[in-house]
Protein chains: 2
Amino acid sequence: MAIKVALMGLGAIGRGIARCALQKHDLEIVAAIDLDPHRVGRKLSDVVDAPTPEVVIGSDAGAEMRKAQGGILLHATGSRLDRIEGELAQALTAGLCVVSTCEELSYPWLRHPEIAERLDRLAQKRKLALLGTGVNPGFVMDRLPATLGAVCGHVGRVRVTRVVDSRSRRKQLQLKTGAGLNEEEFDRGVDEGTIGHVGLMESAALASLGVGLEVDEVDESIDPVEAEEDMQGDGFTVPKGGIVGLKQVARAFHDGKEVAVLDLTIALGAPQPRDEIELEGDPGIRVLIPGGTQGDKATAWTVVHAAPLVQGSEPGLISVLDLPAGR
Amino acid sequence: MAIKVALMGLGAIGRGIARCALQKHDLEIVAAIDLDPHRVGRKLSDVVDAPTPEVVIGSDAGAEMRKAQGGILLHATGSRLDRIEGELAQALTAGLCVVSTCEELSYPWLRHPEIAERLDRLAQKRKLALLGTGVNPGFVMDRLPATLGAVCGHVGRVRVTRVVDSRSRRKQLQLKTGAGLNEEEFDRGVDEGTIGHVGLMESAALASLGVGLEVDEVDESIDPVEAEEDMQGDGFTVPKGGIVGLKQVARAFHDGKEVAVLDLTIALGAPQPRDEIELEGDPGIRVLIPGGTQGDKATAWTVVHAAPLVQGSEPGLISVLDLPAGR
């Protein structure tokens with residue numbers, strides 16, 4: 001029998017999740033929730049531009065969630081856990097498991113241990129599971145390195161480099177990585193949290209723990225990347241020397257020793273786009289993904305593939321490290 | 001508290017498993033079993049050439065296994081399931097979970113559905129889990145492709161190429177891949193099952209199922225690889241034109257359509273040693289492991305890392321697709 005699915009959040013990623021879910025015979029979309037007044041009251045099929053079951057987008061989250069009781073919420077409304085805790089709690093209370101793209105939920109024990117504790121307690125009580133996942137965080141820089149640890153001896157350090165040429169990506173990603181800003185705007189954006197990739201520190205913690213390393217501190221730096229020539233964004237041009245994106249580095253430590261370095265560059269025209277994972281060990285391993293793992297579309301697929309696994313999981317707040325390999 | 005471990009089989013891989021287990025604080029070796037009269041009665045530490053707990057190698061499997069009751073058997077005695085079913089059943093009956101390097105156990109439903117059924121029933125009854133794993137089968141050509149499926153859409157076909165330069169490997173591997181044989185000897189070896197890699201068809205089935213594809217048929221071919229120049233094996237030379245190894249290809253089908261192609265070359269001097277995994281999909285993914293995943297040492301680590309995961313698993317006969325990512 002198909003798992004009942006409620007969707008929450010129908011921005012670009014949420015609509016992608018809807019389209020992927022339609023292709024999975026083990027999932028049945030029965031409800032959709034969005035707060036954008038342009039979407040509320042419309043047919044889901046019109047908004048996602050694909051033939052869907054007859055679902056009208058609602059704004060009363062509680063009522064819509066109840067339609068999927070015993071099923072799962074596929075959630076894509078925000079990156080910051082403190083702003084969406086209520087939505088997750090509401091879903092658990094309504095009797096739904098949850099898979100969310102919320103980056104901070106991928107390893108919530110890092111920045112929000114109290115929220116993590118509350119959500120875990122609620123999920124345990126309701127005998128439901130919830131998970132934060134995606135491509136990054138959720139796969140390339142954490143779950144995949146952890147999986148590779150299976151063929152390695154003691155790992156001294158995890159190194160992951162991800163380079164994304166943002167010319168191939170959504171304008172929203174170009175902007176939130178600082179393309180087109182001047183230095184002052186970039187620095188202000190970093191301070192205010194509008195510029196930068198959310199979830200890199202979470203990945204650093206996950207990757208370390210996943211290969212059996214302890215972590216007691218995680219930090220990160222965010223720096224602008226300058227254009228080496230004039231560069232075209234989505235509807236704007238950055239002249240040579242201007243800012244085309246960012247280089248963000250997260251480091252995890254144990255007893256003052258660096259145990260993970262995650263190096264992420266997202267910039268218009270970034271050379272040699274790729275994912276590169278190295279586990280230093282005896283034996284260790286080095287893995288290369290030329291071109292790099294797909295972004296948005298793949299994130300939607302991670303959510304949809306995770307749904308039946310989360311539905312069948314032990315109850316509680318889980319992480320991608322708990323997911324089995326197979327679909 | 002550490003998990004009690006019994007070792008069974010102290011050949012090259014079994015001794016490797018022992019040495020890896022000694023480095024894991026969550027495992028405690030309490031018994032060791034071997035049938036080779038040169039090893040029985042000797043101290044384990046002498047045989048594995050490492051400081052171990054005080055364990056004397058025994059040949060009475062039942063008595064030795066009972067010492068690890070409630071713990072796990074790390075098993076490395078053979079590749080063919082029909083020859084070792086009794087050993088696995090004995091361990092389950094003695095109250096031990098099992099992780100085995102038996103290649104056919106990685107996906108026993110393929111060639112031995114009745115044995116699989118018997119072992120599963122026994123394991124369920126005893127509330128214990130058993131698993132077959134290693135690097136290949138168990139990781140490179142099955143678990144890893146399945147894991148990569150998380151970031152892909154519908155997968156049309158799984159392609160894996162593994163090239164191993166056997167000059168860097170044990171003489172036993174060089175011989176069982178046909179190095180130094182003439183064509184007649186090679187063909188006879190293939191017919192008799194002494195030449196060839198056991199487990200490739202199992203990997204083809206696992207990889208397909210792991211990315212959500214159905215499989216109703218698996219076949220394979222084994223051909224000799226000829227030396228393009230004089231080539232040095234471990235204690236023997238193969239002249240130009242002689243056989244230096246094999247190329248083995250397994251294919252999985254569903255409704256007559258090829259869903260997986262696993263292409264394995266193991267030969268003295270094989271060019272460009274590597275693992276290459278491609279999932280054809282939208283999005284798909286292509287992953288490269290330059291040099292290729294380590295062999296024997298890594299196999300020992302997969303067994304040892306799997307031990308606590310199997311111990312904590314749902315009971316029954318499981319596969320690597322059921323294992324979570326983290327250690």
# chains A, B, ... in the order shown; residues from 1 in each chain; ligands from 1
$ select_by_dssp --residues "range 56-231 of chain B" --states "strand (DSSP E or B)" --output "ChimeraX atom specification"
/B:56,58,72-75,97-100,129-132,155-165,217-226,231
$ write_last_selection --atoms "N, CA and C atoms" --output "short mmCIF file (atom, residue, chain, number, x, y, z; two decimals), in the first residue's frame"
data_model
loop_
_atom_site.label_atom_id
_atom_site.label_comp_id
_atom_site.auth_asym_id
_atom_site.auth_seq_id
_atom_site.Cartn_x
_atom_site.Cartn_y
_atom_site.Cartn_z
N VAL B 56 43.52 -19.47 22.70
CA VAL B 56 44.17 -20.60 22.04
C VAL B 56 43.24 -21.07 20.92
N GLY B 58 41.14 -23.24 18.66
CA GLY B 58 40.54 -24.55 18.85
C GLY B 58 39.95 -25.09 17.56
N ILE B 72 29.32 -12.27 18.45
CA ILE B 72 29.29 -12.39 16.99
C ILE B 72 30.42 -13.30 16.49
N LEU B 73 30.12 -14.02 15.42
CA LEU B 73 31.15 -14.82 14.74
C LEU B 73 31.64 -14.05 13.53
N LEU B 74 32.94 -13.83 13.44
CA LEU B 74 33.53 -13.26 12.22
C LEU B 74 34.11 -14.44 11.45
N HIS B 75 33.53 -14.72 10.30
CA HIS B 75 33.70 -16.00 9.62
C HIS B 75 34.38 -15.81 8.27
N CYS B 97 25.44 -13.78 16.43
CA CYS B 97 25.25 -13.18 15.11
C CYS B 97 26.46 -13.55 14.25
N VAL B 98 26.36 -13.34 12.95
CA VAL B 98 27.46 -13.73 12.06
C VAL B 98 27.72 -12.64 11.02
N VAL B 99 29.00 -12.32 10.82
CA VAL B 99 29.41 -11.60 9.62
C VAL B 99 30.41 -12.50 8.92
N SER B 100 30.15 -12.78 7.64
CA SER B 100 31.00 -13.73 6.92
C SER B 100 31.52 -13.11 5.63
N ALA B 129 21.11 -11.79 13.70
CA ALA B 129 21.25 -11.40 12.29
C ALA B 129 22.51 -12.01 11.70
N LEU B 130 22.48 -12.30 10.40
CA LEU B 130 23.72 -12.70 9.72
C LEU B 130 23.83 -12.00 8.38
N LEU B 131 25.09 -11.76 8.00
CA LEU B 131 25.40 -10.92 6.83
C LEU B 131 26.63 -11.46 6.14
N GLY B 132 26.61 -11.42 4.79
CA GLY B 132 27.83 -11.66 4.02
C GLY B 132 28.33 -10.34 3.47
N VAL B 155 16.64 5.10 -12.15
CA VAL B 155 17.88 4.61 -12.77
C VAL B 155 17.52 3.61 -13.85
N GLY B 156 18.05 3.83 -15.05
CA GLY B 156 17.81 2.89 -16.14
C GLY B 156 18.77 1.72 -16.11
N ARG B 157 20.02 2.02 -15.75
CA ARG B 157 21.04 0.96 -15.75
C ARG B 157 22.18 1.33 -14.80
N VAL B 158 22.73 0.31 -14.16
CA VAL B 158 23.91 0.46 -13.31
C VAL B 158 25.11 -0.08 -14.08
N ARG B 159 26.16 0.71 -14.18
CA ARG B 159 27.39 0.24 -14.80
C ARG B 159 28.53 0.37 -13.80
N VAL B 160 29.25 -0.72 -13.58
CA VAL B 160 30.43 -0.63 -12.71
C VAL B 160 31.59 -1.31 -13.40
N THR B 161 32.72 -0.62 -13.41
CA THR B 161 33.95 -1.19 -13.95
C THR B 161 34.99 -1.20 -12.83
N ARG B 162 35.57 -2.36 -12.60
CA ARG B 162 36.64 -2.45 -11.61
C ARG B 162 37.84 -3.09 -12.27
N VAL B 163 38.97 -2.42 -12.19
CA VAL B 163 40.21 -2.93 -12.78
C VAL B 163 41.25 -3.05 -11.66
N VAL B 164 41.73 -4.28 -11.45
CA VAL B 164 42.71 -4.54 -10.39
C VAL B 164 44.00 -5.03 -11.03
N ASP B 165 45.10 -4.34 -10.76
CA ASP B 165 46.42 -4.83 -11.17
C ASP B 165 46.87 -5.82 -10.10
N GLU B 217 16.86 -12.14 -14.02
CA GLU B 217 17.87 -13.02 -14.60
C GLU B 217 19.25 -12.38 -14.43
N VAL B 218 20.24 -13.19 -14.12
CA VAL B 218 21.62 -12.70 -14.04
C VAL B 218 22.50 -13.71 -14.76
N ASP B 219 23.42 -13.23 -15.61
CA ASP B 219 24.37 -14.17 -16.21
C ASP B 219 25.78 -13.57 -16.14
N GLU B 220 26.77 -14.38 -16.49
CA GLU B 220 28.13 -13.84 -16.50
C GLU B 220 29.01 -14.58 -17.49
N SER B 221 30.07 -13.90 -17.91
CA SER B 221 31.08 -14.50 -18.79
C SER B 221 32.45 -14.30 -18.15
N ILE B 222 33.35 -15.26 -18.40
CA ILE B 222 34.71 -15.15 -17.87
C ILE B 222 35.68 -15.43 -19.02
N ASP B 223 36.53 -14.46 -19.34
CA ASP B 223 37.49 -14.63 -20.43
C ASP B 223 38.91 -14.32 -19.95
N PRO B 224 39.89 -14.96 -20.59
CA PRO B 224 41.28 -14.70 -20.19
C PRO B 224 41.78 -13.35 -20.70
N VAL B 225 42.69 -12.74 -19.97
CA VAL B 225 43.38 -11.53 -20.43
C VAL B 225 44.80 -11.92 -20.79
N GLU B 226 45.25 -11.52 -21.98
CA GLU B 226 46.58 -11.89 -22.43
C GLU B 226 47.62 -10.81 -22.14
N MET B 231 55.41 -10.43 -18.13
CA MET B 231 54.83 -9.89 -16.90
C MET B 231 55.23 -10.75 -15.71
#
$ residues_around --residues "range 280-282 of chain B" --least-positions-apart "4" --cutoff "12 Å" --atoms "only C-alpha atoms" --output "MDAnalysis selection string"
(chainID A and resid 20 293:294 297:298 300:301) or (chainID B and resid 145 148:160 208 211:213 259:261 286:287)
$ write_last_selection --atoms "C-alpha atoms" --output "mmCIF file, in the first residue's frame"
data_model
loop_
_atom_site.group_PDB
_atom_site.id
_atom_site.type_symbol
_atom_site.label_atom_id
_atom_site.label_comp_id
_atom_site.auth_asym_id
_atom_site.auth_seq_id
_atom_site.Cartn_x
_atom_site.Cartn_y
_atom_site.Cartn_z
ATOM 1 C CA CYS A 20 9.705 13.281 -7.862
ATOM 2 C CA THR A 293 26.732 15.725 -7.675
ATOM 3 C CA GLN A 294 23.641 17.431 -9.081
ATOM 4 C CA LYS A 297 16.886 17.992 -8.557
ATOM 5 C CA ALA A 298 19.017 15.518 -6.638
ATOM 6 C CA ALA A 300 14.348 16.475 -4.218
ATOM 7 C CA TRP A 301 15.199 12.842 -4.982
ATOM 8 C CA PRO B 145 26.219 2.049 -6.215
ATOM 9 C CA LEU B 148 24.719 6.653 -4.833
ATOM 10 C CA GLY B 149 21.168 5.920 -5.963
ATOM 11 C CA ALA B 150 19.972 8.264 -3.206
ATOM 12 C CA VAL B 151 20.859 11.313 -5.323
ATOM 13 C CA CYS B 152 19.527 9.962 -8.626
ATOM 14 C CA GLY B 153 16.139 9.842 -10.271
ATOM 15 C CA HIS B 154 14.806 6.678 -11.853
ATOM 16 C CA VAL B 155 17.881 4.612 -12.766
ATOM 17 C CA GLY B 156 17.806 2.889 -16.139
ATOM 18 C CA ARG B 157 21.044 0.963 -15.752
ATOM 19 C CA VAL B 158 23.910 0.463 -13.307
ATOM 20 C CA ARG B 159 27.392 0.241 -14.805
ATOM 21 C CA VAL B 160 30.425 -0.631 -12.707
ATOM 22 C CA SER B 208 20.078 -3.443 -9.269
ATOM 23 C CA VAL B 211 18.692 1.365 -6.872
ATOM 24 C CA GLY B 212 15.106 0.170 -7.092
ATOM 25 C CA LEU B 213 15.314 -2.019 -10.210
ATOM 26 C CA VAL B 259 19.595 -3.263 -15.911
ATOM 27 C CA ALA B 260 23.166 -3.769 -14.657
ATOM 28 C CA VAL B 261 26.585 -4.467 -16.201
ATOM 29 C CA ARG B 286 29.416 8.992 -12.300
ATOM 30 C CA VAL B 287 31.966 8.242 -9.609
#
$ select_by_dssp --residues "range 48-260 of chain A" --states "alpha helix (DSSP H)" --output "PyMOL selection string"
chain A and resi 48+61-66+81-93+113-126+143-148+171-176+183-192+200-210
$ residues_around --residues "Leu105 in chain B" --least-positions-apart "4" --cutoff "10 Å" --atoms "only C-alpha atoms" --output "list in words"
Ser79, Arg80, Leu81, Asp82, Ile84, Glu85, Val99, Ser100, Thr101, Trp109, Leu110, Arg111, His112, Ile115, Ala116, Leu130, Leu131, Gly132, Thr133, Pro137, Gly138, Gly199, Glu202, Leu317, Ile318 and Ser319 of chain B
$ residues_around --residues "Ala21 in chain A" --least-positions-apart "2" --cutoff "10 Å" --atoms "only C-alpha atoms" --output "PyMOL selection string"
chain A and resi 5+7+15-19+23-29+52+74+300-301+303-305+307
$ write_last_selection --atoms "N, CA and C atoms" --output "PDB file, in the first residue's frame"
ATOM      1  N   VAL A   5       1.299  10.981   1.618  1.00  0.00           N
ATOM      2  CA  VAL A   5       2.276  12.067   1.682  1.00  0.00           C
ATOM      3  C   VAL A   5       1.561  13.410   1.766  1.00  0.00           C
ATOM      4  N   LEU A   7       2.707  17.427   1.479  1.00  0.00           N
ATOM      5  CA  LEU A   7       3.816  18.307   1.110  1.00  0.00           C
ATOM      6  C   LEU A   7       3.676  19.597   1.891  1.00  0.00           C
ATOM      7  N   ARG A  15       8.456  22.082  -5.027  1.00  0.00           N
ATOM      8  CA  ARG A  15       7.799  21.661  -6.276  1.00  0.00           C
ATOM      9  C   ARG A  15       8.572  20.499  -6.909  1.00  0.00           C
ATOM     10  N   GLY A  16       9.910  20.555  -6.792  1.00  0.00           N
ATOM     11  CA  GLY A  16      10.727  19.434  -7.286  1.00  0.00           C
ATOM     12  C   GLY A  16      10.402  18.152  -6.533  1.00  0.00           C
ATOM     13  N   ILE A  17      10.253  18.256  -5.217  1.00  0.00           N
ATOM     14  CA  ILE A  17       9.894  17.088  -4.406  1.00  0.00           C
ATOM     15  C   ILE A  17       8.553  16.523  -4.873  1.00  0.00           C
ATOM     16  N   ALA A  18       7.599  17.415  -5.128  1.00  0.00           N
ATOM     17  CA  ALA A  18       6.276  16.960  -5.597  1.00  0.00           C
ATOM     18  C   ALA A  18       6.422  16.177  -6.896  1.00  0.00           C
ATOM     19  N   ARG A  19       7.213  16.694  -7.830  1.00  0.00           N
ATOM     20  CA  ARG A  19       7.355  16.019  -9.133  1.00  0.00           C
ATOM     21  C   ARG A  19       8.040  14.666  -8.978  1.00  0.00           C
ATOM     22  N   GLN A  23       6.531  10.255  -9.259  1.00  0.00           N
ATOM     23  CA  GLN A  23       7.132   9.153 -10.013  1.00  0.00           C
ATOM     24  C   GLN A  23       7.355   7.903  -9.159  1.00  0.00           C
ATOM     25  N   LYS A  24       7.088   8.015  -7.864  1.00  0.00           N
ATOM     26  CA  LYS A  24       7.318   6.867  -6.975  1.00  0.00           C
ATOM     27  C   LYS A  24       5.980   6.209  -6.655  1.00  0.00           C
ATOM     28  N   HIS A  25       5.859   4.936  -7.059  1.00  0.00           N
ATOM     29  CA  HIS A  25       4.573   4.261  -6.894  1.00  0.00           C
ATOM     30  C   HIS A  25       4.246   3.970  -5.437  1.00  0.00           C
ATOM     31  N   ASP A  26       5.278   4.012  -4.569  1.00  0.00           N
ATOM     32  CA  ASP A  26       5.010   3.723  -3.162  1.00  0.00           C
ATOM     33  C   ASP A  26       4.614   4.972  -2.370  1.00  0.00           C
ATOM     34  N   LEU A  27       4.476   6.109  -3.046  1.00  0.00           N
ATOM     35  CA  LEU A  27       4.065   7.342  -2.370  1.00  0.00           C
ATOM     36  C   LEU A  27       2.792   7.882  -3.025  1.00  0.00           C
ATOM     37  N   GLU A  28       1.880   8.395  -2.182  1.00  0.00           N
ATOM     38  CA  GLU A  28       0.639   8.980  -2.707  1.00  0.00           C
ATOM     39  C   GLU A  28       0.417  10.348  -2.075  1.00  0.00           C
ATOM     40  N   ILE A  29       0.489  11.384  -2.884  1.00  0.00           N
ATOM     41  CA  ILE A  29       0.299  12.745  -2.363  1.00  0.00           C
ATOM     42  C   ILE A  29      -1.181  12.956  -2.051  1.00  0.00           C
ATOM     43  N   THR A  52      -1.120  15.584 -11.129  1.00  0.00           N
ATOM     44  CA  THR A  52      -1.068  15.073  -9.750  1.00  0.00           C
ATOM     45  C   THR A  52      -2.455  14.558  -9.380  1.00  0.00           C
ATOM     46  N   LEU A  74       6.646  15.664   3.685  1.00  0.00           N
ATOM     47  CA  LEU A  74       7.862  16.071   2.973  1.00  0.00           C
ATOM     48  C   LEU A  74       7.913  17.587   3.050  1.00  0.00           C
ATOM     49  N   ALA A 300      15.740  16.942  -4.223  1.00  0.00           N
ATOM     50  CA  ALA A 300      14.348  16.475  -4.218  1.00  0.00           C
ATOM     51  C   ALA A 300      14.313  14.946  -4.200  1.00  0.00           C
ATOM     52  N   TRP A 301      15.181  14.312  -4.971  1.00  0.00           N
ATOM     53  CA  TRP A 301      15.199  12.842  -4.982  1.00  0.00           C
ATOM     54  C   TRP A 301      15.646  12.258  -3.645  1.00  0.00           C
ATOM     55  N   VAL A 303      15.044  13.359  -0.757  1.00  0.00           N
ATOM     56  CA  VAL A 303      13.896  13.445   0.158  1.00  0.00           C
ATOM     57  C   VAL A 303      12.902  12.324  -0.153  1.00  0.00           C
ATOM     58  N   VAL A 304      12.616  12.170  -1.431  1.00  0.00           N
ATOM     59  CA  VAL A 304      11.614  11.199  -1.852  1.00  0.00           C
ATOM     60  C   VAL A 304      12.105   9.756  -1.619  1.00  0.00           C
ATOM     61  N   HIS A 305      13.376   9.494  -1.926  1.00  0.00           N
ATOM     62  CA  HIS A 305      13.916   8.153  -1.662  1.00  0.00           C
ATOM     63  C   HIS A 305      13.971   7.853  -0.161  1.00  0.00           C
ATOM     64  N   ALA A 307      11.865   8.817   2.066  1.00  0.00           N
ATOM     65  CA  ALA A 307      10.545   8.725   2.703  1.00  0.00           C
ATOM     66  C   ALA A 307      10.204   7.312   3.203  1.00  0.00           C
TER      67      ALA A 307
END
$ atom_distance --atom1 "CA of Gln311 in chain A" --atom2 "CA of Val310 in chain B"
20.7 Å
$ residues_around --residues "Glu228 in chain B" --least-positions-apart "2" --cutoff "9 Å" --atoms "only C-alpha atoms" --output "PyMOL selection string"
chain B and resi 226+230-231+239-242
$ residues_around --residues "Val320 in chain B" --least-positions-apart "5" --cutoff "9 Å" --atoms "only C-alpha atoms" --output "ChimeraX atom specification"
/A:324-326 /B:106-107,131-133,138-139,142-143,206,306
$ closest_residue --among "B:Glu183, B:Asp255, B:Glu192, B:Glu278" --to "chain A" --atoms "only C-alpha atoms"
B:Glu278
$ residues_around --residues "Ile33 in chain B" --least-positions-apart "4" --cutoff "12 Å" --atoms "only C-alpha atoms" --output "ChimeraX atom specification"
/B:5-11,14-15,18,29,37,39-44,47,55-68,73-77,87,91
$ closest_residue --among "B:Ile195, B:Ala50, B:Leu92, B:Val140" --to "chain A" --atoms "only C-alpha atoms"
B:Val140
